[in-house]
file start25.cif (mmCIF, C-alpha atoms)
data_input
#
loop_
_atom_site.label_atom_id
_atom_site.label_comp_id
_atom_site.auth_asym_id
_atom_site.auth_seq_id
_atom_site.Cartn_x
_atom_site.Cartn_y
_atom_site.Cartn_z
CA MET A 29 0.00 0.00 0.00
CA ILE A 30 1.45 3.33 -1.08
CA LYS A 31 1.09 6.09 1.52
CA PRO A 32 -1.47 8.74 0.46
CA ASP A 33 0.95 11.59 1.14
CA ILE A 34 3.51 10.04 -1.25
CA ILE A 35 0.89 9.91 -4.00
CA SER A 36 -0.20 13.46 -3.19
CA ILE A 37 3.37 14.76 -3.45
CA LEU A 38 4.08 13.08 -6.79
CA GLN A 39 0.84 13.09 -8.75
CA ASN A 40 0.91 16.74 -9.80
CA LYS A 41 4.45 16.32 -11.13
CA ILE A 42 3.57 13.38 -13.39
CA LYS A 43 1.94 13.89 -16.81
CA LYS A 44 1.10 11.47 -19.60
CA ILE A 45 1.87 12.49 -23.19
CA THR A 46 0.01 10.09 -25.46
CA MET A 47 1.41 9.28 -28.91
CA ASP A 48 0.13 6.92 -31.60
CA GLU A 49 1.80 3.74 -30.37
CA SER A 50 3.33 4.74 -27.05
CA THR A 51 3.10 7.12 -24.12
CA ASN A 52 5.74 9.35 -22.57
CA ILE A 53 5.40 9.68 -18.80
CA LEU A 54 6.85 13.09 -17.95
CA VAL A 55 8.11 13.81 -14.41
CA GLY A 56 8.82 17.37 -13.32
CA PRO A 57 9.57 20.18 -13.03
CA ILE A 58 12.32 19.67 -10.47
CA THR A 59 14.55 22.52 -9.30
CA LEU A 60 18.11 21.84 -10.46
CA PRO A 61 20.86 24.35 -9.55
CA VAL A 62 23.74 23.92 -12.02
CA ASN A 63 27.35 25.09 -11.86
CA LEU A 64 27.82 26.87 -15.18
CA ASP A 65 31.31 28.33 -15.50
CA GLY A 66 31.52 29.01 -11.78
CA GLU A 67 28.07 30.57 -11.53
CA THR A 68 25.05 28.79 -10.06
CA VAL A 69 22.18 28.82 -12.55
CA THR A 70 18.82 27.33 -11.65
CA PHE A 71 17.08 25.20 -14.26
CA LYS A 72 13.82 23.25 -14.16
CA TRP A 73 14.51 19.58 -14.87
CA TYR A 74 12.11 17.07 -16.42
CA ASN A 75 12.63 13.37 -17.11
CA TRP A 76 10.48 11.11 -19.24
CA LEU A 77 9.88 7.39 -19.60
CA LYS A 78 8.56 5.88 -22.81
CA VAL A 79 6.08 3.03 -22.43
CA THR A 80 4.47 0.97 -25.21
CA ASP A 81 0.81 0.21 -25.81
CA GLU A 82 1.04 -2.93 -23.70
CA GLU A 83 2.70 -1.07 -20.84
CA ARG A 84 0.46 1.99 -20.83
CA LEU A 85 -1.06 3.00 -17.53
CA GLN A 86 -4.78 3.10 -18.16
CA GLU A 87 -5.59 4.92 -14.94
CA ASP A 88 -5.52 8.68 -14.39
CA GLY A 89 -5.04 10.84 -11.31
CA PRO A 90 -3.94 9.28 -8.00
CA GLU A 91 -4.57 5.75 -9.29
CA ALA A 92 -2.09 6.23 -12.14
CA THR A 93 0.55 7.60 -9.76
CA GLU A 94 0.08 4.65 -7.40
CA ALA A 95 0.30 2.16 -10.28
CA LEU A 96 3.50 3.77 -11.54
CA ILE A 97 5.17 3.70 -8.10
CA LYS A 98 4.28 0.03 -7.68
CA ARG A 99 5.95 -0.81 -10.99
CA LEU A 100 9.12 1.26 -10.59
CA SER A 101 11.27 -1.36 -8.85
CA SER A 102 10.44 -3.98 -11.49
CA LEU A 103 11.24 -1.81 -14.52
CA ASN A 104 15.05 -2.13 -14.11
CA LEU A 105 15.49 1.44 -15.32
CA ALA A 106 19.15 1.50 -14.28
CA GLU A 107 19.81 -1.10 -17.02
CA GLY A 108 18.82 1.41 -19.66
CA GLN A 109 18.79 5.18 -19.89
CA GLN A 110 16.04 7.77 -19.94
CA SER A 111 16.12 11.13 -21.66
CA SER A 112 15.48 14.44 -19.94
CA VAL A 113 15.24 18.16 -20.53
CA LEU A 114 16.65 21.22 -18.75
CA VAL A 115 14.29 24.19 -18.97
CA TYR A 116 15.34 27.77 -18.24
CA GLY A 117 13.23 30.88 -17.73
CA ASP A 118 9.63 31.27 -18.86
CA PHE A 119 9.89 28.61 -21.50
CA GLU A 120 6.15 28.28 -21.98
CA GLY A 121 5.30 31.93 -22.28
CA SER A 122 8.37 33.76 -23.60
CA GLU A 123 8.27 35.05 -27.15
CA ASP A 124 11.82 33.93 -27.96
CA ALA A 125 13.09 30.55 -26.76
CA LEU A 126 16.23 28.64 -27.74
CA ILE A 127 16.19 24.86 -27.83
CA ARG A 128 18.95 22.29 -28.23
CA MET A 129 18.37 18.62 -29.08
CA HIS A 130 21.59 17.19 -27.63
CA SER A 131 22.55 13.58 -28.22
CA ILE A 132 24.22 11.93 -25.24
CA CYS A 133 27.98 11.50 -25.63
CA HIS A 134 29.46 9.48 -22.78
CA THR A 135 33.04 10.22 -23.84
CA GLY A 136 32.61 13.89 -24.69
CA ASP A 137 30.03 15.05 -22.16
CA ILE A 138 31.40 13.14 -19.15
CA PHE A 139 35.10 12.55 -19.83
CA GLY A 140 35.71 15.70 -21.89
CA SER A 141 37.03 13.77 -24.91
CA LYS A 142 38.62 15.86 -27.64
CA ARG A 143 37.70 13.33 -30.34
CA CYS A 144 34.41 15.21 -30.80
CA ASP A 145 32.88 18.59 -29.98
CA CYS A 146 29.94 17.24 -27.98
CA GLY A 147 31.05 18.37 -24.53
CA PHE A 148 31.69 21.87 -25.85
CA GLN A 149 28.30 21.96 -27.57
CA LEU A 150 26.52 20.77 -24.42
CA HIS A 151 27.94 23.47 -22.16
CA GLN A 152 27.93 26.21 -24.79
CA SER A 153 24.26 25.63 -25.61
CA MET A 154 23.38 25.80 -21.90
CA LYS A 155 25.17 29.15 -21.70
CA MET A 156 23.40 30.39 -24.83
CA ILE A 157 20.01 29.43 -23.39
CA VAL A 158 20.73 31.27 -20.12
CA GLU A 159 21.97 34.34 -21.98
CA ASN A 160 18.82 34.28 -24.12
CA GLY A 161 16.62 34.32 -21.02
CA SER A 162 14.57 31.23 -21.84
CA GLY A 163 15.03 27.90 -23.53
CA ALA A 164 15.38 24.16 -23.14
CA LEU A 165 18.12 21.61 -23.59
CA PHE A 166 16.88 18.12 -24.43
CA TYR A 167 19.41 15.45 -23.40
CA LEU A 168 18.63 12.40 -25.52
CA ALA A 169 19.86 9.23 -23.87
CA ASN A 170 19.23 6.79 -26.72
CA HIS A 171 21.26 8.79 -29.23
CA GLU A 172 24.78 7.65 -28.29
CA GLY A 173 26.99 7.35 -31.37
CA ARG A 174 24.20 8.66 -33.63
CA GLY A 175 21.91 6.00 -32.24
CA ILE A 176 24.16 2.92 -32.25
CA GLY A 177 24.80 2.74 -28.49
CA LEU A 178 27.93 3.07 -26.39
CA PHE A 179 29.35 -0.43 -26.95
CA SER A 180 28.97 -0.15 -30.72
CA LYS A 181 30.45 3.34 -30.57
CA ALA A 182 33.55 1.89 -28.87
CA MET A 183 33.98 -0.53 -31.77
CA ALA A 184 33.43 2.30 -34.24
CA TYR A 185 36.19 4.25 -32.48
CA ILE A 186 38.58 1.33 -33.06
CA LEU A 187 37.78 1.45 -36.78
CA GLN A 188 38.28 5.21 -36.77
CA GLU A 189 41.74 4.74 -35.29
CA GLU A 190 42.54 2.65 -38.39
CA GLY A 191 41.50 5.42 -40.76
CA TYR A 192 37.74 5.01 -41.21
CA ASP A 193 35.67 8.15 -40.78
CA THR A 194 32.58 8.31 -38.55
CA VAL A 195 30.12 7.47 -41.31
CA GLU A 196 32.22 4.62 -42.72
CA ALA A 197 32.70 3.06 -39.28
CA ASN A 198 28.96 3.04 -38.55
CA LEU A 199 28.17 1.56 -41.95
CA GLU A 200 30.80 -1.17 -41.62
CA LEU A 201 29.23 -2.23 -38.31
CA GLY A 202 25.84 -2.64 -39.98
CA PHE A 203 24.25 0.65 -38.90
CA ALA A 204 22.89 3.59 -40.82
CA ASP A 205 24.97 6.78 -40.85
CA ASP A 206 22.44 8.34 -38.46
CA SER A 207 19.61 6.33 -36.91
CA ARG A 208 18.47 8.89 -34.33
CA ASN A 209 14.76 9.55 -33.85
CA TYR A 210 13.42 12.78 -32.33
CA SER A 211 9.70 11.95 -32.01
CA ASP A 212 9.71 11.39 -28.23
CA ALA A 213 11.63 14.60 -27.55
CA ILE A 214 9.38 16.56 -29.89
CA SER A 215 6.27 15.27 -28.10
CA VAL A 216 7.67 16.57 -24.81
CA LEU A 217 8.63 19.88 -26.44
CA GLN A 218 5.09 20.30 -27.77
CA HIS A 219 3.74 19.61 -24.28
CA LEU A 220 5.98 22.27 -22.73
CA ARG A 221 5.70 24.99 -25.38
CA HIS A 222 3.34 25.97 -28.21
CA LYS A 223 5.04 29.16 -29.35
CA PRO A 224 7.82 29.31 -32.00
CA VAL A 225 11.37 28.20 -31.15
CA THR A 226 14.91 28.82 -32.33
CA LEU A 227 16.97 25.65 -32.76
CA ILE A 228 20.66 25.48 -31.83
CA THR A 229 22.17 23.06 -34.33
CA ASN A 230 24.41 22.48 -37.33
CA ASN A 231 22.37 19.45 -38.36
CA PRO A 232 19.58 20.05 -40.91
CA ARG A 233 17.98 16.68 -40.01
CA LYS A 234 17.04 18.02 -36.60
CA LEU A 235 15.48 21.07 -38.22
CA GLU A 236 13.54 18.88 -40.66
CA ALA A 237 12.28 16.60 -37.85
CA LEU A 238 10.89 19.55 -35.89
CA LYS A 239 9.21 21.10 -38.93
CA ALA A 240 7.76 17.73 -39.99
CA ALA A 241 6.17 17.42 -36.55
CA GLY A 242 4.49 20.81 -36.95
CA MET A 243 6.79 22.89 -34.74
CA ASN A 244 7.22 26.50 -35.77
CA VAL A 245 11.01 26.88 -35.97
CA VAL A 246 11.65 30.51 -36.76
CA LYS A 247 15.44 30.37 -36.84
CA ARG A 248 18.49 28.12 -36.61
CA VAL A 249 21.59 29.11 -34.65
CA PRO A 250 24.85 27.30 -35.59
CA LEU A 251 27.19 25.95 -32.93
CA TRP A 252 30.80 25.35 -33.98
CA GLY A 253 33.84 25.53 -31.74
CA ASP A 254 36.54 23.65 -29.85
CA VAL A 255 38.12 22.56 -33.13
CA SER A 256 41.48 20.84 -32.77
CA SER A 257 43.75 18.34 -34.50
CA PHE A 258 41.99 15.59 -32.50
CA ASN A 259 38.54 16.20 -33.98
CA GLU A 260 39.20 17.95 -37.31
CA LYS A 261 38.42 14.82 -39.36
CA TYR A 262 35.31 14.12 -37.31
CA LEU A 263 33.99 17.66 -37.82
CA ARG A 264 34.87 17.70 -41.51
CA THR A 265 33.02 14.40 -41.96
CA LYS A 266 29.92 15.97 -40.40
CA VAL A 267 29.96 18.53 -43.19
CA THR A 268 31.11 16.46 -46.18
CA ARG A 269 29.33 13.16 -45.42
CA SER A 270 26.46 13.94 -43.03
CA GLY A 271 25.27 17.24 -44.47
CA HIS A 272 25.91 19.48 -41.49
CA LEU A 273 25.75 23.17 -42.30
CA ASN A 274 29.22 24.67 -42.07
CA ASP A 275 28.35 28.28 -41.37
CA ASP A 276 29.44 30.74 -38.73
CA ASN A 277 27.41 32.58 -36.13
CA ASN A 278 26.45 35.17 -38.74
CA GLY A 279 24.94 32.48 -40.96
CA GLU A 280 27.67 32.88 -43.59
CA GLN A 281 29.05 29.75 -45.26
CA ARG A 282 32.66 28.88 -44.39
CA ASP A 283 35.15 27.18 -46.68
CA ASN A 284 36.63 24.84 -44.10
CA ILE A 285 36.90 23.79 -40.48
CA ARG A 286 39.57 25.90 -38.85
CA ILE A 287 41.88 24.22 -36.34
CA VAL A 288 42.50 26.26 -33.20
#
call {"tool": "encode", "arguments": {"input": "start25.cif", "output": "structure tokens"}}
result
Amino acid sequence: MIKPDIISILQNKIKKITMDESTNILVGPITLPVNLDGETVTFKWYNWLKVTDEERLQEDGPEATEALIKRLSSLNLAEGQQSSVLVYGDFEGSEDALIRMHSICHTGDIFGSKRCDCGFQLHQSMKMIVENGSGALFYLANHEGRGIGLFSKAMAYILQEEGYDTVEANLELGFADDSRNYSDAISVLQHLRHKPVTLITNNPRKLEALKAAGMNVVKRVPLWGDVSSFNEKYLRTKVTRSGHLNDDNNGEQRDNIRIV
């Protein structure tokens, strides 16, 4: 028996976002103070769990919260990963909001690897959102290695050390160049905000996914930086093989990736 006060505390922070063949259970907002370049910045944090038709919680209100709590320990959520979103400012009501769809990068985001620019993009986009006054950073847990997973990414890295580029390595392991899907994140975005957004990205596929889902994306802001001899080939491959837009912060096309 779940204590009534536990249900009362949690039920208003749990929402169901119903999709065609699944449901996203959204938990939040949760106050999350973050150390951003030595300054404490307070975000609102949400986490979501995708469940299939068979797993859907049919109940609503307190009954749904109780059913979810009873199932938590049997879901083995630590064996997988769940995506989340950091929200800053008046994300729902502000006229101008920046968003970043950031794919998890265990090596870059956590260890600070120089083989990619992911860690730089993660922290820089958070700073850009704070400077803008409102926005959201979606941290997509099932996007490691462009959707191939961490173990497969490790094997792809071995191939890259033998001269294969990022695209070639993924293809040789039996994957598509990019198998990421943004539908779950977009459903959460549409729940949190109805007004237009500005997308922080170099990747036109992200822009296309948002527009295809009916989001009003009024602008795209590029995000290049932290270029070095360690990731030059990786970044160049993004442009030449994966179609990333190689422009600067003024929207002007650049001829190459500059090493700094």
call {"tool": "closest_residue", "arguments": {"input": "start25.cif", "among": "A:Phe166, A:Lys155, A:Arg143, A:Met129", "to": "A:Arg233", "atoms": "all atoms listed in the file"}}
result
A:Met129
call {"tool": "residues_around", "arguments": {"input": "start25.cif", "residues": "stretch 36-40 of chain A", "least_positions_apart": "5", "cutoff": "9 Å", "atoms": "all atoms listed in the file", "output": "list in words"}}
result
Lys31, Val55, Gly56, Gly89, Pro90, Ala92, Thr93 and Glu94 of chain A
call {"tool": "write_last_selection", "arguments": {"input": "start25.cif", "atoms": "C-alpha atoms", "output": "PDB file, in the frame of the given file"}}
result
ATOM      1  CA  LYS A  31       1.090   6.090   1.520  1.00  0.00           C
ATOM      2  CA  VAL A  55       8.110  13.810 -14.410  1.00  0.00           C
ATOM      3  CA  GLY A  56       8.820  17.370 -13.320  1.00  0.00           C
ATOM      4  CA  GLY A  89      -5.040  10.840 -11.310  1.00  0.00           C
ATOM      5  CA  PRO A  90      -3.940   9.280  -8.000  1.00  0.00           C
ATOM      6  CA  ALA A  92      -2.090   6.230 -12.140  1.00  0.00           C
ATOM      7  CA  THR A  93       0.550   7.600  -9.760  1.00  0.00           C
ATOM      8  CA  GLU A  94       0.080   4.650  -7.400  1.00  0.00           C
TER       9      GLU A  94
END
call {"tool": "atom_distance", "arguments": {"input": "start25.cif", "atom1": "atom CA of A:Tyr116", "atom2": "atom CA of A:Lys72"}}
result
6.3 Å
call {"tool": "atom_distance", "arguments": {"input": "start25.cif", "atom1": "atom CA of A:Met154", "atom2": "atom CA of A:Ser50"}}
result
29.5 Å
call {"tool": "closest_residue", "arguments": {"input": "start25.cif", "among": "A:Lys142, A:His219, A:Arg174, A:Arg99", "to": "A:Ile45", "atoms": "only C-alpha atoms"}}
result
A:His219
call {"tool": "axis_aligned_box", "arguments": {"input": "start25.cif", "around": "stretch 259-263 of chain A", "padding_each_side": "8 Å", "output": "AutoDock Vina command-line options"}}
result
--center_x 36.6 --center_y 16.0 --center_z -36.7 --size_x 21.2 --size_y 19.8 --size_z 21.4
call {"tool": "resolve_selection", "arguments": {"input": "start25.cif", "expression": "the PyMOL selection byres ((chain A and resi 255-269) around 6)", "output": "PDB file with C-alpha atoms, in the frame of the given file"}}
result
ATOM      1  CA  LYS A 142      38.620  15.860 -27.640  1.00  0.00           C
ATOM      2  CA  ARG A 143      37.700  13.330 -30.340  1.00  0.00           C
ATOM      3  CA  CYS A 144      34.410  15.210 -30.800  1.00  0.00           C
ATOM      4  CA  GLY A 253      33.840  25.530 -31.740  1.00  0.00           C
ATOM      5  CA  ASP A 254      36.540  23.650 -29.850  1.00  0.00           C
ATOM      6  CA  SER A 270      26.460  13.940 -43.030  1.00  0.00           C
ATOM      7  CA  GLY A 271      25.270  17.240 -44.470  1.00  0.00           C
ATOM      8  CA  HIS A 272      25.910  19.480 -41.490  1.00  0.00           C
ATOM      9  CA  ILE A 287      41.880  24.220 -36.340  1.00  0.00           C
ATOM     10  CA  VAL A 288      42.500  26.260 -33.200  1.00  0.00           C
TER      11      VAL A 288
END
call {"tool": "closest_residue", "arguments": {"input": "start25.cif", "among": "A:Trp76, A:Phe139, A:Phe148, A:Phe179", "to": "A:Leu114", "atoms": "all atoms listed in the file"}}
result
A:Trp76
call {"tool": "residues_near_point", "arguments": {"input": "start25.cif", "point": "(1.7, 28.0, -26.0)", "cutoff": "7 Å", "atoms": "all atoms listed in the file", "output": "ChimeraX atom specification"}}
result
/A:120-121,221-223
call {"tool": "atom_distance", "arguments": {"input": "start25.cif", "atom1": "atom CA of A:Ile214", "atom2": "atom CA of A:Leu54"}}
result
12.7 Å
call {"tool": "closest_residue", "arguments": {"input": "start25.cif", "among": "A:Lys43, A:Arg208, A:His151, A:Lys247", "to": "A:Leu96", "atoms": "all atoms listed in the file"}}
result
A:Lys43
call {"tool": "resolve_selection", "arguments": {"input": "start25.cif", "expression": "the PyMOL selection byres ((chain A and resi 211) around 12)", "output": "ChimeraX atom specification"}}
result
/A:45-52,78,129,168,208-210,212-218,234,236-243
call {"tool": "write_last_selection", "arguments": {"input": "start25.cif", "atoms": "C-alpha atoms", "output": "PDB file, in the coordinates of the input"}}
result
ATOM      1  CA  ILE A  45       1.870  12.490 -23.190  1.00  0.00           C
ATOM      2  CA  THR A  46       0.010  10.090 -25.460  1.00  0.00           C
ATOM      3  CA  MET A  47       1.410   9.280 -28.910  1.00  0.00           C
ATOM      4  CA  ASP A  48       0.130   6.920 -31.600  1.00  0.00           C
ATOM      5  CA  GLU A  49       1.800   3.740 -30.370  1.00  0.00           C
ATOM      6  CA  SER A  50       3.330   4.740 -27.050  1.00  0.00           C
ATOM      7  CA  THR A  51       3.100   7.120 -24.120  1.00  0.00           C
ATOM      8  CA  ASN A  52       5.740   9.350 -22.570  1.00  0.00           C
ATOM      9  CA  LYS A  78       8.560   5.880 -22.810  1.00  0.00           C
ATOM     10  CA  MET A 129      18.370  18.620 -29.080  1.00  0.00           C
ATOM     11  CA  LEU A 168      18.630  12.400 -25.520  1.00  0.00           C
ATOM     12  CA  ARG A 208      18.470   8.890 -34.330  1.00  0.00           C
ATOM     13  CA  ASN A 209      14.760   9.550 -33.850  1.00  0.00           C
ATOM     14  CA  TYR A 210      13.420  12.780 -32.330  1.00  0.00           C
ATOM     15  CA  ASP A 212       9.710  11.390 -28.230  1.00  0.00           C
ATOM     16  CA  ALA A 213      11.630  14.600 -27.550  1.00  0.00           C
ATOM     17  CA  ILE A 214       9.380  16.560 -29.890  1.00  0.00           C
ATOM     18  CA  SER A 215       6.270  15.270 -28.100  1.00  0.00           C
ATOM     19  CA  VAL A 216       7.670  16.570 -24.810  1.00  0.00           C
ATOM     20  CA  LEU A 217       8.630  19.880 -26.440  1.00  0.00           C
ATOM     21  CA  GLN A 218       5.090  20.300 -27.770  1.00  0.00           C
ATOM     22  CA  LYS A 234      17.040  18.020 -36.600  1.00  0.00           C
ATOM     23  CA  GLU A 236      13.540  18.880 -40.660  1.00  0.00           C
ATOM     24  CA  ALA A 237      12.280  16.600 -37.850  1.00  0.00           C
ATOM     25  CA  LEU A 238      10.890  19.550 -35.890  1.00  0.00           C
ATOM     26  CA  LYS A 239       9.210  21.100 -38.930  1.00  0.00           C
ATOM     27  CA  ALA A 240       7.760  17.730 -39.990  1.00  0.00           C
ATOM     28  CA  ALA A 241       6.170  17.420 -36.550  1.00  0.00           C
ATOM     29  CA  GLY A 242       4.490  20.810 -36.950  1.00  0.00           C
ATOM     30  CA  MET A 243       6.790  22.890 -34.740  1.00  0.00           C
TER      31      MET A 243
END
call {"tool": "closest_residue", "arguments": {"input": "start25.cif", "among": "A:Ile228, A:Leu199, A:Leu100, A:Leu187", "to": "A:Gly163", "atoms": "only C-alpha atoms"}}
result
A:Ile228
